[in-house]
>>> print(open('input.pdb').read())   # PDB, C-alpha atoms and all ligand atoms
ATOM      1  CA  MET Q  25      -0.668  23.586  -4.136
ATOM      2  CA  HIS Q  26      -0.531  23.256  -0.360
ATOM      3  CA  VAL Q  27       3.096  23.305   0.808
ATOM      4  CA  CYS Q  28       3.062  21.506   4.161
ATOM      5  CA  ARG Q  29       6.040  21.373   6.488
ATOM      6  CA  SER Q  30       4.408  19.436   9.322
ATOM      7  CA  ILE Q  31       2.399  16.248   9.761
ATOM      8  CA  ALA Q  32      -0.562  18.275  11.069
ATOM      9  CA  ALA Q  33      -0.570  20.505   7.964
ATOM     10  CA  ILE Q  34      -0.594  17.647   5.446
ATOM     11  CA  ARG Q  35      -3.264  15.814   7.439
ATOM     12  CA  ASP Q  36      -5.425  18.962   7.248
ATOM     13  CA  ALA Q  37      -4.874  19.240   3.503
ATOM     14  CA  VAL Q  38      -5.760  15.561   2.919
ATOM     15  CA  ALA Q  39      -8.831  15.868   5.169
ATOM     16  CA  GLY Q  40      -9.960  18.762   2.937
ATOM     17  CA  PHE Q  41      -9.558  16.602  -0.198
ATOM     18  CA  ARG Q  42     -11.535  13.780   1.418
ATOM     19  CA  ALA Q  43     -14.252  16.167   2.604
ATOM     20  CA  THR Q  44     -14.869  17.200  -1.012
ATOM     21  CA  GLY Q  45     -15.151  13.569  -2.106
ATOM     22  CA  HIS Q  46     -11.738  13.127  -3.757
ATOM     23  CA  SER Q  47      -9.576  10.039  -3.778
ATOM     24  CA  VAL Q  48      -5.871  10.546  -3.098
ATOM     25  CA  GLY Q  49      -2.793   9.258  -4.954
ATOM     26  CA  LEU Q  50       0.628   9.548  -3.290
ATOM     27  CA  VAL Q  51       4.096  10.011  -4.833
ATOM     28  CA  THR Q  52       7.004   9.747  -2.374
ATOM     29  CA  THR Q  53      10.348  11.262  -3.394
ATOM     30  CA  MET Q  54      13.677  12.450  -2.063
ATOM     31  CA  GLY Q  55      13.463  15.649  -4.130
ATOM     32  CA  ALA Q  56      15.885  16.804  -6.860
ATOM     33  CA  LEU Q  57      12.911  16.184  -9.069
ATOM     34  CA  HIS Q  58      13.112  15.356 -12.771
ATOM     35  CA  ALA Q  59      10.723  14.269 -15.525
ATOM     36  CA  GLY Q  60      10.705  10.684 -14.165
ATOM     37  CA  HIS Q  61       9.092  11.928 -10.959
ATOM     38  CA  MET Q  62       6.591  13.929 -13.011
ATOM     39  CA  SER Q  63       5.529  10.738 -14.784
ATOM     40  CA  LEU Q  64       4.606   9.345 -11.350
ATOM     41  CA  ILE Q  65       2.584  12.501 -10.618
ATOM     42  CA  ALA Q  66       0.857  12.150 -14.014
ATOM     43  CA  ALA Q  67      -0.006   8.496 -13.308
ATOM     44  CA  ALA Q  68      -1.447   9.443  -9.903
ATOM     45  CA  LYS Q  69      -3.445  12.313 -11.443
ATOM     46  CA  ARG Q  70      -4.880  10.001 -14.080
ATOM     47  CA  ASP Q  71      -6.311   7.720 -11.382
ATOM     48  CA  HIS Q  72      -7.186  10.102  -8.532
ATOM     49  CA  GLY Q  73      -8.911  13.416  -7.877
ATOM     50  CA  ARG Q  74      -6.045  14.710  -5.739
ATOM     51  CA  VAL Q  75      -2.308  14.051  -5.752
ATOM     52  CA  VAL Q  76      -0.024  14.360  -2.744
ATOM     53  CA  ALA Q  77       3.778  14.304  -3.027
ATOM     54  CA  THR Q  78       6.411  14.030  -0.326
ATOM     55  CA  ILE Q  79       9.986  15.331  -0.433
ATOM     56  CA  PHE Q  80      12.171  13.848   2.293
ATOM     57  CA  VAL Q  81      15.807  12.798   2.054
ATOM     58  CA  ASN Q  82      15.414   9.892   4.449
ATOM     59  CA  PRO Q  83      18.584   9.511   6.544
ATOM     60  CA  THR Q  84      17.839   5.927   7.614
ATOM     61  CA  GLN Q  85      18.153   4.506   4.095
ATOM     62  CA  PHE Q  86      21.666   5.876   3.502
ATOM     63  CA  GLY Q  87      24.520   3.666   4.653
ATOM     64  CA  ASP Q  88      27.209   5.981   3.327
ATOM     65  CA  PRO Q  89      27.260   9.386   5.129
ATOM     66  CA  LYS Q  90      28.948  10.990   2.087
ATOM     67  CA  ASP Q  91      26.072   9.834  -0.148
ATOM     68  CA  LEU Q  92      23.583  11.464   2.267
ATOM     69  CA  GLU Q  93      25.628  14.666   2.527
ATOM     70  CA  THR Q  94      26.026  15.063  -1.239
ATOM     71  CA  TYR Q  95      22.468  14.029  -2.168
ATOM     72  CA  PRO Q  96      21.208  16.868  -4.434
ATOM     73  CA  ARG Q  97      18.745  19.284  -2.812
ATOM     74  CA  THR Q  98      16.786  21.651  -5.099
ATOM     75  CA  GLU Q  99      13.643  22.601  -3.173
ATOM     76  CA  ALA Q 100      12.616  25.768  -5.047
ATOM     77  CA  ALA Q 101      12.853  24.052  -8.441
ATOM     78  CA  ASP Q 102      11.058  20.973  -7.038
ATOM     79  CA  LEU Q 103       8.106  23.079  -5.857
ATOM     80  CA  ALA Q 104       7.848  24.805  -9.252
ATOM     81  CA  MET Q 105       7.827  21.431 -11.054
ATOM     82  CA  LEU Q 106       5.195  19.948  -8.744
ATOM     83  CA  GLU Q 107       2.980  23.012  -9.107
ATOM     84  CA  ALA Q 108       3.299  22.906 -12.920
ATOM     85  CA  ALA Q 109       2.447  19.193 -12.931
ATOM     86  CA  GLY Q 110      -0.786  19.869 -11.020
ATOM     87  CA  CYS Q 111       0.221  18.315  -7.700
ATOM     88  CA  ASP Q 112      -2.297  19.331  -5.021
ATOM     89  CA  ALA Q 113      -0.214  19.129  -1.845
ATOM     90  CA  VAL Q 114       3.365  18.419  -0.871
ATOM     91  CA  LEU Q 115       4.790  17.382   2.480
ATOM     92  CA  ILE Q 116       8.361  18.517   3.202
ATOM     93  CA  PRO Q 117       8.782  17.327   6.786
ATOM     94  CA  ARG Q 118      11.603  17.960   9.220
ATOM     95  CA  ALA Q 119      13.651  14.869  10.019
ATOM     96  CA  ASP Q 120      13.033  15.308  13.754
ATOM     97  CA  GLU Q 121       9.273  15.142  13.222
ATOM     98  CA  ILE Q 122       9.536  11.932  11.180
ATOM     99  CA  TYR Q 123      12.054  10.443  13.631
ATOM    100  CA  PRO Q 124      11.324  12.140  16.973
ATOM    101  CA  GLU Q 125      13.622   9.821  18.900
ATOM    102  CA  ALA Q 126      15.640   6.680  18.233
ATOM    103  CA  ASP Q 127      13.149   4.376  16.555
ATOM    104  CA  GLU Q 128      11.872   1.459  18.587
ATOM    105  CA  THR Q 129       9.715   0.331  15.675
ATOM    106  CA  ILE Q 130      11.077  -0.623  12.283
ATOM    107  CA  VAL Q 131       9.471  -2.247   9.251
ATOM    108  CA  GLU Q 132      11.483  -4.868   7.464
ATOM    109  CA  THR Q 133      10.830  -7.280   4.655
ATOM    110  CA  ARG Q 134      13.053 -10.277   5.180
ATOM    111  CA  ASP Q 135      14.366 -12.074   2.068
ATOM    112  CA  LEU Q 136      13.543  -9.227  -0.322
ATOM    113  CA  ALA Q 137      15.632  -6.722   1.644
ATOM    114  CA  VAL Q 138      18.923  -8.522   2.040
ATOM    115  CA  ARG Q 139      19.744  -9.661  -1.477
ATOM    116  CA  MET Q 140      21.038  -7.773  -4.514
ATOM    117  CA  HIS Q 141      20.854  -4.018  -3.982
ATOM    118  CA  GLY Q 142      20.171  -4.711  -0.293
ATOM    119  CA  ALA Q 143      23.485  -6.551  -0.011
ATOM    120  CA  LEU Q 144      25.297  -3.527  -1.502
ATOM    121  CA  ARG Q 145      23.541  -1.122   0.871
ATOM    122  CA  PRO Q 146      22.938  -3.012   4.156
ATOM    123  CA  GLY Q 147      19.902  -1.636   6.040
ATOM    124  CA  HIS Q 148      18.778   0.356   2.994
ATOM    125  CA  PHE Q 149      15.431  -1.392   2.438
ATOM    126  CA  ARG Q 150      14.658  -1.394   6.178
ATOM    127  CA  GLY Q 151      15.048   2.406   6.044
ATOM    128  CA  VAL Q 152      12.861   2.593   2.926
ATOM    129  CA  ALA Q 153      10.117   0.290   4.288
ATOM    130  CA  THR Q 154      10.042   2.136   7.611
ATOM    131  CA  VAL Q 155       9.847   5.639   6.145
ATOM    132  CA  VAL Q 156       7.313   4.637   3.480
ATOM    133  CA  THR Q 157       5.116   3.126   6.214
ATOM    134  CA  LYS Q 158       5.355   6.395   8.140
ATOM    135  CA  LEU Q 159       4.519   8.435   5.004
ATOM    136  CA  PHE Q 160       1.569   6.104   4.232
ATOM    137  CA  ASN Q 161       0.285   6.466   7.809
ATOM    138  CA  ILE Q 162       0.660  10.243   7.722
ATOM    139  CA  THR Q 163      -1.087  10.755   4.364
ATOM    140  CA  ARG Q 164      -3.371   7.669   4.189
ATOM    141  CA  PRO Q 165      -3.632   7.577   0.385
ATOM    142  CA  ASP Q 166      -5.792   5.240  -1.696
ATOM    143  CA  ALA Q 167      -2.832   4.402  -3.929
ATOM    144  CA  ALA Q 168       0.888   5.089  -4.181
ATOM    145  CA  TYR Q 169       3.128   5.266  -7.267
ATOM    146  CA  PHE Q 170       6.732   4.057  -7.500
ATOM    147  CA  GLY Q 171       9.223   3.884 -10.365
ATOM    148  CA  GLU Q 172      10.183   0.548 -11.913
ATOM    149  CA  LYS Q 173      13.789   1.799 -12.092
ATOM    150  CA  ASP Q 174      14.046   1.126  -8.353
ATOM    151  CA  TYR Q 175      12.786  -2.371  -9.044
ATOM    152  CA  GLN Q 176      13.709  -4.083  -5.796
ATOM    153  CA  GLN Q 177      12.268  -1.128  -3.840
ATOM    154  CA  LEU Q 178       8.988  -1.501  -5.745
ATOM    155  CA  GLN Q 179       8.800  -5.215  -4.863
ATOM    156  CA  VAL Q 180       9.666  -4.518  -1.191
ATOM    157  CA  ILE Q 181       6.861  -1.950  -0.953
ATOM    158  CA  ARG Q 182       4.315  -4.116  -2.790
ATOM    159  CA  ARG Q 183       5.053  -7.015  -0.476
ATOM    160  CA  MET Q 184       5.019  -4.866   2.667
ATOM    161  CA  ALA Q 185       1.662  -3.274   1.727
ATOM    162  CA  HIS Q 186       0.235  -6.731   1.023
ATOM    163  CA  ASP Q 187       1.603  -8.476   4.126
ATOM    164  CA  LEU Q 188       0.605  -5.661   6.491
ATOM    165  CA  HIS Q 189      -2.901  -5.289   4.944
ATOM    166  CA  MET Q 190      -2.281  -1.603   4.343
ATOM    167  CA  GLY Q 191      -5.175  -1.327   1.874
ATOM    168  CA  ILE Q 192      -3.153   0.944  -0.437
ATOM    169  CA  ASP Q 193      -2.817   0.047  -4.146
ATOM    170  CA  ILE Q 194       0.834   0.052  -5.187
ATOM    171  CA  HIS Q 195       1.473   0.989  -8.829
ATOM    172  CA  GLY Q 196       4.741   0.586 -10.735
ATOM    173  CA  VAL Q 197       5.501   3.225 -13.390
ATOM    174  CA  PRO Q 198       7.875   2.565 -16.341
ATOM    175  CA  THR Q 199      11.320   4.163 -16.260
ATOM    176  CA  LEU Q 200      11.636   7.494 -18.059
ATOM    177  CA  ARG Q 201      14.958   7.880 -19.913
ATOM    178  CA  GLU Q 202      17.175  10.630 -21.279
ATOM    179  CA  ALA Q 203      17.410  10.857 -25.092
ATOM    180  CA  ASP Q 204      20.487   8.587 -25.092
ATOM    181  CA  GLY Q 205      18.763   5.927 -22.982
ATOM    182  CA  LEU Q 206      20.205   6.660 -19.523
ATOM    183  CA  ALA Q 207      17.494   6.178 -16.875
ATOM    184  CA  MET Q 208      16.654   9.535 -15.293
ATOM    185  CA  SER Q 209      17.868   9.658 -11.701
ATOM    186  CA  SER Q 210      18.508  12.428  -9.189
ATOM    187  CA  ARG Q 211      22.061  11.146  -8.754
ATOM    188  CA  ASN Q 212      22.868  11.671 -12.470
ATOM    189  CA  VAL Q 213      23.793  15.312 -11.716
ATOM    190  CA  ARG Q 214      26.681  14.036  -9.571
ATOM    191  CA  LEU Q 215      28.301  12.292 -12.560
ATOM    192  CA  THR Q 216      31.323  13.939 -14.219
ATOM    193  CA  PRO Q 217      30.698  14.652 -17.939
ATOM    194  CA  GLU Q 218      32.867  11.622 -18.804
ATOM    195  CA  ASP Q 219      30.965   9.336 -16.412
ATOM    196  CA  ARG Q 220      27.650  10.746 -17.646
ATOM    197  CA  ALA Q 221      28.601   9.703 -21.193
ATOM    198  CA  ALA Q 222      29.820   6.299 -19.983
ATOM    199  CA  ALA Q 223      26.646   5.587 -17.977
ATOM    200  CA  VAL Q 224      24.618   4.825 -21.120
ATOM    201  CA  CYS Q 225      26.346   1.416 -21.073
ATOM    202  CA  LEU Q 226      23.694   0.247 -18.558
ATOM    203  CA  ASN Q 227      20.843   0.761 -21.013
ATOM    204  CA  ARG Q 228      22.997  -0.535 -23.883
ATOM    205  CA  ALA Q 229      23.640  -3.763 -21.950
ATOM    206  CA  LEU Q 230      19.911  -4.152 -21.212
ATOM    207  CA  ASP Q 231      18.982  -3.545 -24.873
ATOM    208  CA  ARG Q 232      21.473  -6.196 -25.910
ATOM    209  CA  ALA Q 233      20.101  -8.606 -23.293
ATOM    210  CA  GLU Q 234      16.554  -8.070 -24.524
ATOM    211  CA  ARG Q 235      17.513  -8.715 -28.155
ATOM    212  CA  MET Q 236      19.353 -11.893 -27.140
ATOM    213  CA  ALA Q 237      16.347 -13.131 -25.147
ATOM    214  CA  MET Q 238      14.156 -12.681 -28.249
ATOM    215  CA  GLU Q 239      16.717 -14.754 -30.189
ATOM    216  CA  ARG Q 240      16.427 -17.608 -27.666
ATOM    217  CA  ALA Q 241      19.674 -17.014 -25.784
ATOM    218  CA  SER Q 242      20.050 -18.636 -22.353
ATOM    219  CA  PRO Q 243      20.291 -16.672 -19.073
ATOM    220  CA  ALA Q 244      23.981 -17.659 -18.882
ATOM    221  CA  GLN Q 245      24.653 -16.229 -22.365
ATOM    222  CA  ILE Q 246      22.682 -13.090 -21.560
ATOM    223  CA  GLU Q 247      24.597 -12.590 -18.326
ATOM    224  CA  ALA Q 248      27.942 -13.023 -20.106
ATOM    225  CA  ALA Q 249      26.926 -10.469 -22.764
ATOM    226  CA  ILE Q 250      25.899  -7.915 -20.124
ATOM    227  CA  ARG Q 251      29.187  -8.399 -18.255
ATOM    228  CA  ALA Q 252      31.117  -7.951 -21.536
ATOM    229  CA  THR Q 253      29.195  -4.758 -22.427
ATOM    230  CA  ILE Q 254      29.938  -3.201 -19.028
ATOM    231  CA  ALA Q 255      33.558  -4.422 -19.097
ATOM    232  CA  ASP Q 256      33.998  -2.580 -22.439
ATOM    233  CA  GLU Q 257      33.338   0.684 -20.596
ATOM    234  CA  PRO Q 258      36.452   1.403 -18.513
ATOM    235  CA  ARG Q 259      34.704   4.052 -16.357
ATOM    236  CA  ALA Q 260      32.054   1.552 -15.153
ATOM    237  CA  THR Q 261      32.444  -0.963 -12.325
ATOM    238  CA  LEU Q 262      29.690  -3.560 -12.315
ATOM    239  CA  THR Q 263      28.436  -4.001  -8.722
ATOM    240  CA  GLY Q 264      25.401  -6.206  -9.270
ATOM    241  CA  LEU Q 265      23.758  -8.297 -11.965
ATOM    242  CA  ASP Q 266      20.793 -10.577 -11.357
ATOM    243  CA  ILE Q 267      18.326 -12.278 -13.669
ATOM    244  CA  VAL Q 268      15.327 -13.211 -11.530
ATOM    245  CA  SER Q 269      11.587 -13.835 -11.589
ATOM    246  CA  PRO Q 270       9.617 -10.571 -11.817
ATOM    247  CA  GLY Q 271       7.862  -9.661  -8.571
ATOM    248  CA  SER Q 272       9.222 -12.356  -6.270
ATOM    249  CA  LEU Q 273      12.859 -11.743  -7.277
ATOM    250  CA  ALA Q 274      13.313 -15.513  -6.847
ATOM    251  CA  PHE Q 275      15.878 -17.401  -8.905
ATOM    252  CA  LEU Q 276      14.579 -18.508 -12.307
ATOM    253  CA  ARG Q 277      13.190 -22.006 -12.273
ATOM    254  CA  HIS Q 278      14.827 -23.308 -15.413
ATOM    255  CA  SER Q 279      18.439 -24.133 -16.258
ATOM    256  CA  PRO Q 280      20.711 -21.134 -16.905
ATOM    257  CA  ASP Q 281      21.936 -22.921 -20.025
ATOM    258  CA  ALA Q 282      18.532 -23.445 -21.702
ATOM    259  CA  PRO Q 283      16.939 -20.690 -23.831
ATOM    260  CA  LEU Q 284      15.106 -18.214 -21.606
ATOM    261  CA  SER Q 285      11.522 -19.442 -21.587
ATOM    262  CA  GLU Q 286       9.898 -17.630 -18.663
ATOM    263  CA  PRO Q 287       9.410 -13.926 -17.842
ATOM    264  CA  ALA Q 288      12.489 -12.470 -16.206
ATOM    265  CA  ALA Q 289      13.667  -9.246 -14.650
ATOM    266  CA  ILE Q 290      17.246  -8.169 -15.216
ATOM    267  CA  MET Q 291      18.589  -5.957 -12.433
ATOM    268  CA  ILE Q 292      21.888  -4.218 -12.874
ATOM    269  CA  SER Q 293      23.949  -1.774 -10.820
ATOM    270  CA  ALA Q 294      27.283  -0.134 -11.495
ATOM    271  CA  ARG Q 295      29.536   2.519 -10.023
ATOM    272  CA  PHE Q 296      30.780   5.483 -12.031
ATOM    273  CA  GLY Q 297      33.312   7.183  -9.775
ATOM    274  CA  GLU Q 298      31.508   7.483  -6.434
ATOM    275  CA  VAL Q 299      28.027   7.360  -7.937
ATOM    276  CA  LEU Q 300      26.055   4.107  -7.815
ATOM    277  CA  LEU Q 301      23.463   3.824 -10.600
ATOM    278  CA  ILE Q 302      20.845   1.127 -11.140
ATOM    279  CA  ASP Q 303      18.715   0.057 -14.058
ATOM    280  CA  GLN Q 304      16.347  -2.762 -14.841
ATOM    281  CA  ARG Q 305      14.420  -4.474 -17.629
ATOM    282  CA  GLU Q 306      11.521  -6.922 -17.528
ATOM    283  CA  ILE Q 307      11.647  -9.398 -20.402
ATOM    284  CA  THR Q 308       8.983 -11.804 -21.629
ATOM    285  CA  PRO Q 309      10.625 -14.101 -24.203
TER
HETATM  286  N1  LIG X   1      13.550   7.641 -14.484
HETATM  287  C1  LIG X   1      12.495   7.412 -13.706
HETATM  288  N2  LIG X   1      11.299   7.102 -14.240
HETATM  289  C2  LIG X   1      10.224   6.855 -13.452
HETATM  290  N3  LIG X   1      10.250   6.904 -12.083
HETATM  291  C3  LIG X   1      11.414   7.216 -11.504
HETATM  292  C4  LIG X   1      12.596   7.503 -12.274
HETATM  293  N4  LIG X   1      13.604   7.790 -11.420
HETATM  294  C5  LIG X   1      13.090   7.701 -10.178
HETATM  295  N5  LIG X   1      11.785   7.359 -10.210
HETATM  296  C6  LIG X   1      10.922   7.115  -9.056
HETATM  297  O1  LIG X   1      10.715   8.300  -8.333
HETATM  298  C7  LIG X   1      10.504   7.975  -6.953
HETATM  299  C8  LIG X   1      11.386   8.817  -6.113
HETATM  300  O2  LIG X   1      12.722   8.451  -6.368
HETATM  301  P1  LIG X   1      13.964   9.288  -5.896
HETATM  302  O3  LIG X   1      13.511  10.599  -5.353
HETATM  303  O4  LIG X   1      14.891   8.467  -5.130
HETATM  304  O5  LIG X   1      14.617   9.663  -7.295
HETATM  305  P2  LIG X   1      15.695   8.942  -8.116
HETATM  306  O6  LIG X   1      15.840   9.690  -9.372
HETATM  307  O7  LIG X   1      15.436   7.477  -8.132
HETATM  308  O8  LIG X   1      16.962   9.257  -7.285
HETATM  309  P3  LIG X   1      18.164   8.347  -6.912
HETATM  310  O9  LIG X   1      19.283   8.988  -7.629
HETATM  311  O10 LIG X   1      18.129   8.518  -5.437
HETATM  312  O11 LIG X   1      17.919   6.940  -7.315
HETATM  313  C9  LIG X   1      10.802   6.480  -6.819
HETATM  314  O12 LIG X   1       9.574   5.770  -6.828
HETATM  315  C10 LIG X   1      11.600   6.215  -8.061
HETATM  316  O13 LIG X   1      11.538   4.847  -8.478
HETATM  317  C1  LIG X   2      10.568   5.718  -1.620
HETATM  318  C2  LIG X   2      11.521   6.739  -1.066
HETATM  319  C3  LIG X   2      10.930   8.128  -1.188
HETATM  320  C4  LIG X   2      11.699   6.465   0.435
HETATM  321  O1  LIG X   2      12.559   7.371   1.022
HETATM  322  C5  LIG X   2      12.886   6.678  -1.759
HETATM  323  O2  LIG X   2      13.508   5.467  -1.546
HETATM  324  C6  LIG X   2      12.813   7.017  -3.219
HETATM  325  O3  LIG X   2      12.771   8.223  -3.493
HETATM  326  O4  LIG X   2      12.806   6.105  -4.065
HETATM  327  N1  LIG X   3      15.709   5.919  -5.447
HETATM  328  C1  LIG X   3      16.057   5.099  -4.311
HETATM  329  C2  LIG X   3      16.496   5.893  -3.169
HETATM  330  C3  LIG X   3      17.919   5.728  -2.830
HETATM  331  O1  LIG X   3      18.738   5.463  -3.721
HETATM  332  O2  LIG X   3      18.263   5.867  -1.653
END
>>> encode(input="input.pdb", output="structure tokens", more="lines below")
Ligand SMILES: Nc1ncnc2c1ncn2[C@@H]1O[C@H](COP(=O)(O)OP(=O)(O)OP(=O)(O)O)[C@@H](O)[C@H]1O
Ligand SMILES: CC(C)(CO)[C@@H](O)C(=O)[O-]
Ligand code: BAL
Amino acid sequence: MHVCRSIAAIRDAVAGFRATGHSVGLVTTMGALHAGHMSLIAAAKRDHGRVVATIFVNPTQFGDPKDLETYPRTEAADLAMLEAAGCDAVLIPRADEIYPEADETIVETRDLAVRMHGALRPGHFRGVATVVTKLFNITRPDAAYFGEKDYQQLQVIRRMAHDLHMGIDIHGVPTLREADGLAMSSRNVRLTPEDRAAAVCLNRALDRAERMAMERASPAQIEAAIRATIADEPRATLTGLDIVSPGSLAFLRHSPDAPLSEPAAIMISARFGEVLLIDQREITP
């Protein structure tokens, strides 16, 4: 695996892959890698001759300086995992090479960025869209792979790649979970043991919502049941709950009081102590 710490080095590595006729799949991460990230690498490997990963804790997508400061950093273990998964090259850039001076240019999706998770973390999706554009321009992949857990992020990137004619296929990969159902996430290591146990309420609420949708419950009933499930867990504070159209994240077309009759995405976020966790479920009734 090529370990590249500069833009020039990763460009050389990718040029080598292209010169030998290989297509390139990209997996962007902020490190502290876990099996969920490896499922993105596996999806990229399935489709492409060479896989490139990036590890960069992007400062411009953090509103809260404490969140940035305490974001887990485990580079040696990350490199071992990527190597074992068959990743071909990794870019670990310095922040001052990605952001050489105050940025004049930003990339921003409009409606998709300001609602839901974007309202909780103002500027977050502008930071994500801008850094992902930079990473796309640096590595020029054929396709890029993102987790469905970060559902709004996936829609922001799909839309950005489409609107800006980037010519990169964007793939969503299903959420990998711990044995008890908690979505794997780098931030899980920051949970206290008590909060870690409590955090399964997110998946429990989504399971309950899915069962209710199959039994012809309405969006209003489903929302009430999710709120009740989270309220039953005293360590959880619900920070966001939206039932929207998959992809567009638009409001559902039909009445909240009629049985759910169109595909929907349920997006949920909750705080456990200082840690904000998100989860999501797409449902086709
Ligand atoms: N459990 C998971 N299953 C599949 N993909 C995942 C999972 N968790 C994260 N990803 C994806 O991995 C990529 C990199 O995410 P990131 O490095 O932020 O990790 P994370 O676990 O989501 O961390 P965070 O705690 O910051 O949310 C994103 O596309 C993200 O959606
Ligand atoms: C896409 C991403 C790498 C951009 O910094 C980040 O938001 C993430 O890890 O999901
Ligand atoms: N996984 C999304 C990156 C973030 O929370 O900042």
>>> closest_residue(input="input.pdb", among="Q:Asn161, Q:Thr44, Q:Thr129, Q:Ser209", to="ligand LIG 2 (chain X)", atoms="only C-alpha atoms and all ligand atoms")
Q:Ser209
>>> resolve_selection(input="input.pdb", expression="the PyMOL selection byres (((not hetatm)) within 8 of (chain X and resi 1))", output="PyMOL selection string")
chain Q and resi 51-64+79+95+169-175+177-178+197-201+207-212+301-302
>>> closest_residue(input="input.pdb", among="Q:Ile307, Q:Leu276, Q:Ala109, Q:Val299", to="ligand LIG 3 (chain X)", atoms="all atoms listed in the file")
Q:Val299
>>> axis_aligned_box(input="input.pdb", around="stretch 64-77 of chain Q", padding_each_side="5 Å", output="JSON")
{"center_x": -2.2, "center_y": 11.2, "center_z": -8.4, "size_x": 23.5, "size_y": 17.0, "size_z": 21.3}
>>> atom_distance(input="input.pdb", atom1="atom CA of Q:Ala237", atom2="atom CA of Q:Phe275")
16.8 Å
>>> resolve_selection(input="input.pdb", expression="the PyMOL selection byres (((chain Q and resi 147) around 10) and not hetatm)", output="count of residues only")
17
>>> atom_distance(input="input.pdb", atom1="atom CA of Q:Ala119", atom2="atom CA of Q:Ser30")
10.3 Å
>>> atom_distance(input="input.pdb", atom1="atom CA of Q:Ile34", atom2="atom CA of Q:His72")
17.2 Å
>>> closest_residue(input="input.pdb", among="Q:Pro217, Q:Pro270, Q:Pro83, Q:Gly196", to="ligand LIG 2 (chain X)", atoms="all atoms listed in the file")
Q:Pro83
>>> residues_around(input="input.pdb", residues="Q:Ala244", least_positions_apart="3", cutoff="7 Å", atoms="only C-alpha atoms", output="PyMOL selection string")
chain Q and resi 247-248+280-281
>>> write_last_selection(input="input.pdb", atoms="C-alpha atoms", output="PDB file, keeping the file's coordinate frame")
ATOM      1  CA  GLU Q 247      24.597 -12.590 -18.326  1.00  0.00           C
ATOM      2  CA  ALA Q 248      27.942 -13.023 -20.106  1.00  0.00           C
ATOM      3  CA  PRO Q 280      20.711 -21.134 -16.905  1.00  0.00           C
ATOM      4  CA  ASP Q 281      21.936 -22.921 -20.025  1.00  0.00           C
TER       5      ASP Q 281
END
>>> residues_near_point(input="input.pdb", point="(2.0, 22.2, 0.0)", cutoff="6 Å", atoms="all atoms listed in the file", output="ChimeraX atom specification")
/Q:25-28,113-114
>>> resolve_selection(input="input.pdb", expression="the PyMOL selection byres (((chain Q and resi 262) around 7) and not hetatm)", output="PyMOL selection string")
chain Q and resi 254+260-261+263-264+293-295
>>> residues_around(input="input.pdb", residues="Q:Arg228", least_positions_apart="3", cutoff="9 Å", atoms="only C-alpha atoms", output="JSON, numbers by chain")
{"Q": [205, 206, 224, 225, 231, 232, 233, 250, 253, 254]}
>>> residues_near_point(input="input.pdb", point="(2.4, -7.1, -2.3)", cutoff="12 Å", atoms="all atoms listed in the file", output="list in words")
Thr133, Leu136, Gln177, Leu178, Gln179, Val180, Ile181, Arg182, Arg183, Met184, Ala185, His186, Asp187, Leu188, His189, Met190, Gly191, Ile192, Asp193, Ile194, His195, Gly196, Gly271 and Ser272 of chain Q
>>> closest_residue(input="input.pdb", among="Q:Val38, Q:Leu300, Q:Met238, Q:Ile116", to="ligand LIG 3 (chain X)", atoms="only C-alpha atoms and all ligand atoms")
Q:Leu300
>>> residues_around(input="input.pdb", residues="Q:Glu121", least_positions_apart="2", cutoff="10 Å", atoms="all atoms listed in the file", output="mmCIF file with C-alpha atoms, keeping the file's coordinate frame")
data_model
loop_
_atom_site.group_PDB
_atom_site.id
_atom_site.type_symbol
_atom_site.label_atom_id
_atom_site.label_comp_id
_atom_site.auth_asym_id
_atom_site.auth_seq_id
_atom_site.Cartn_x
_atom_site.Cartn_y
_atom_site.Cartn_z
ATOM 1 C CA ARG Q 29 6.040 21.373 6.488
ATOM 2 C CA SER Q 30 4.408 19.436 9.322
ATOM 3 C CA ILE Q 31 2.399 16.248 9.761
ATOM 4 C CA PRO Q 117 8.782 17.327 6.786
ATOM 5 C CA ARG Q 118 11.603 17.960 9.220
ATOM 6 C CA ALA Q 119 13.651 14.869 10.019
ATOM 7 C CA TYR Q 123 12.054 10.443 13.631
ATOM 8 C CA PRO Q 124 11.324 12.140 16.973
ATOM 9 C CA GLU Q 125 13.622 9.821 18.900
#
>>> closest_atom_pairs(input="input.pdb", of="stretch 148-230 of chain Q", to="stretch 255-258 of chain Q", cutoff="12 Å", atoms="all atoms listed in the file", output="JSON lines")
{"residue": "Q:Glu218", "atom": "CA", "partner": "Q:Pro258", "partner_atom": "CA", "distance": 10.8}
{"residue": "Q:Asp219", "atom": "CA", "partner": "Q:Pro258", "partner_atom": "CA", "distance": 9.9}
{"residue": "Q:Arg220", "atom": "CA", "partner": "Q:Glu257", "partner_atom": "CA", "distance": 11.9}
{"residue": "Q:Ala221", "atom": "CA", "partner": "Q:Glu257", "partner_atom": "CA", "distance": 10.2}
{"residue": "Q:Ala222", "atom": "CA", "partner": "Q:Glu257", "partner_atom": "CA", "distance": 6.7}
{"residue": "Q:Ala223", "atom": "CA", "partner": "Q:Glu257", "partner_atom": "CA", "distance": 8.7}
{"residue": "Q:Val224", "atom": "CA", "partner": "Q:Glu257", "partner_atom": "CA", "distance": 9.7}
{"residue": "Q:Cys225", "atom": "CA", "partner": "Q:Glu257", "partner_atom": "CA", "distance": 7.0}
{"residue": "Q:Leu226", "atom": "CA", "partner": "Q:Glu257", "partner_atom": "CA", "distance": 9.9}
{"residue": "Q:Arg228", "atom": "CA", "partner": "Q:Glu257", "partner_atom": "CA", "distance": 10.9}
{"residue": "Q:Ala229", "atom": "CA", "partner": "Q:Ala255", "partner_atom": "CA", "distance": 10.3}
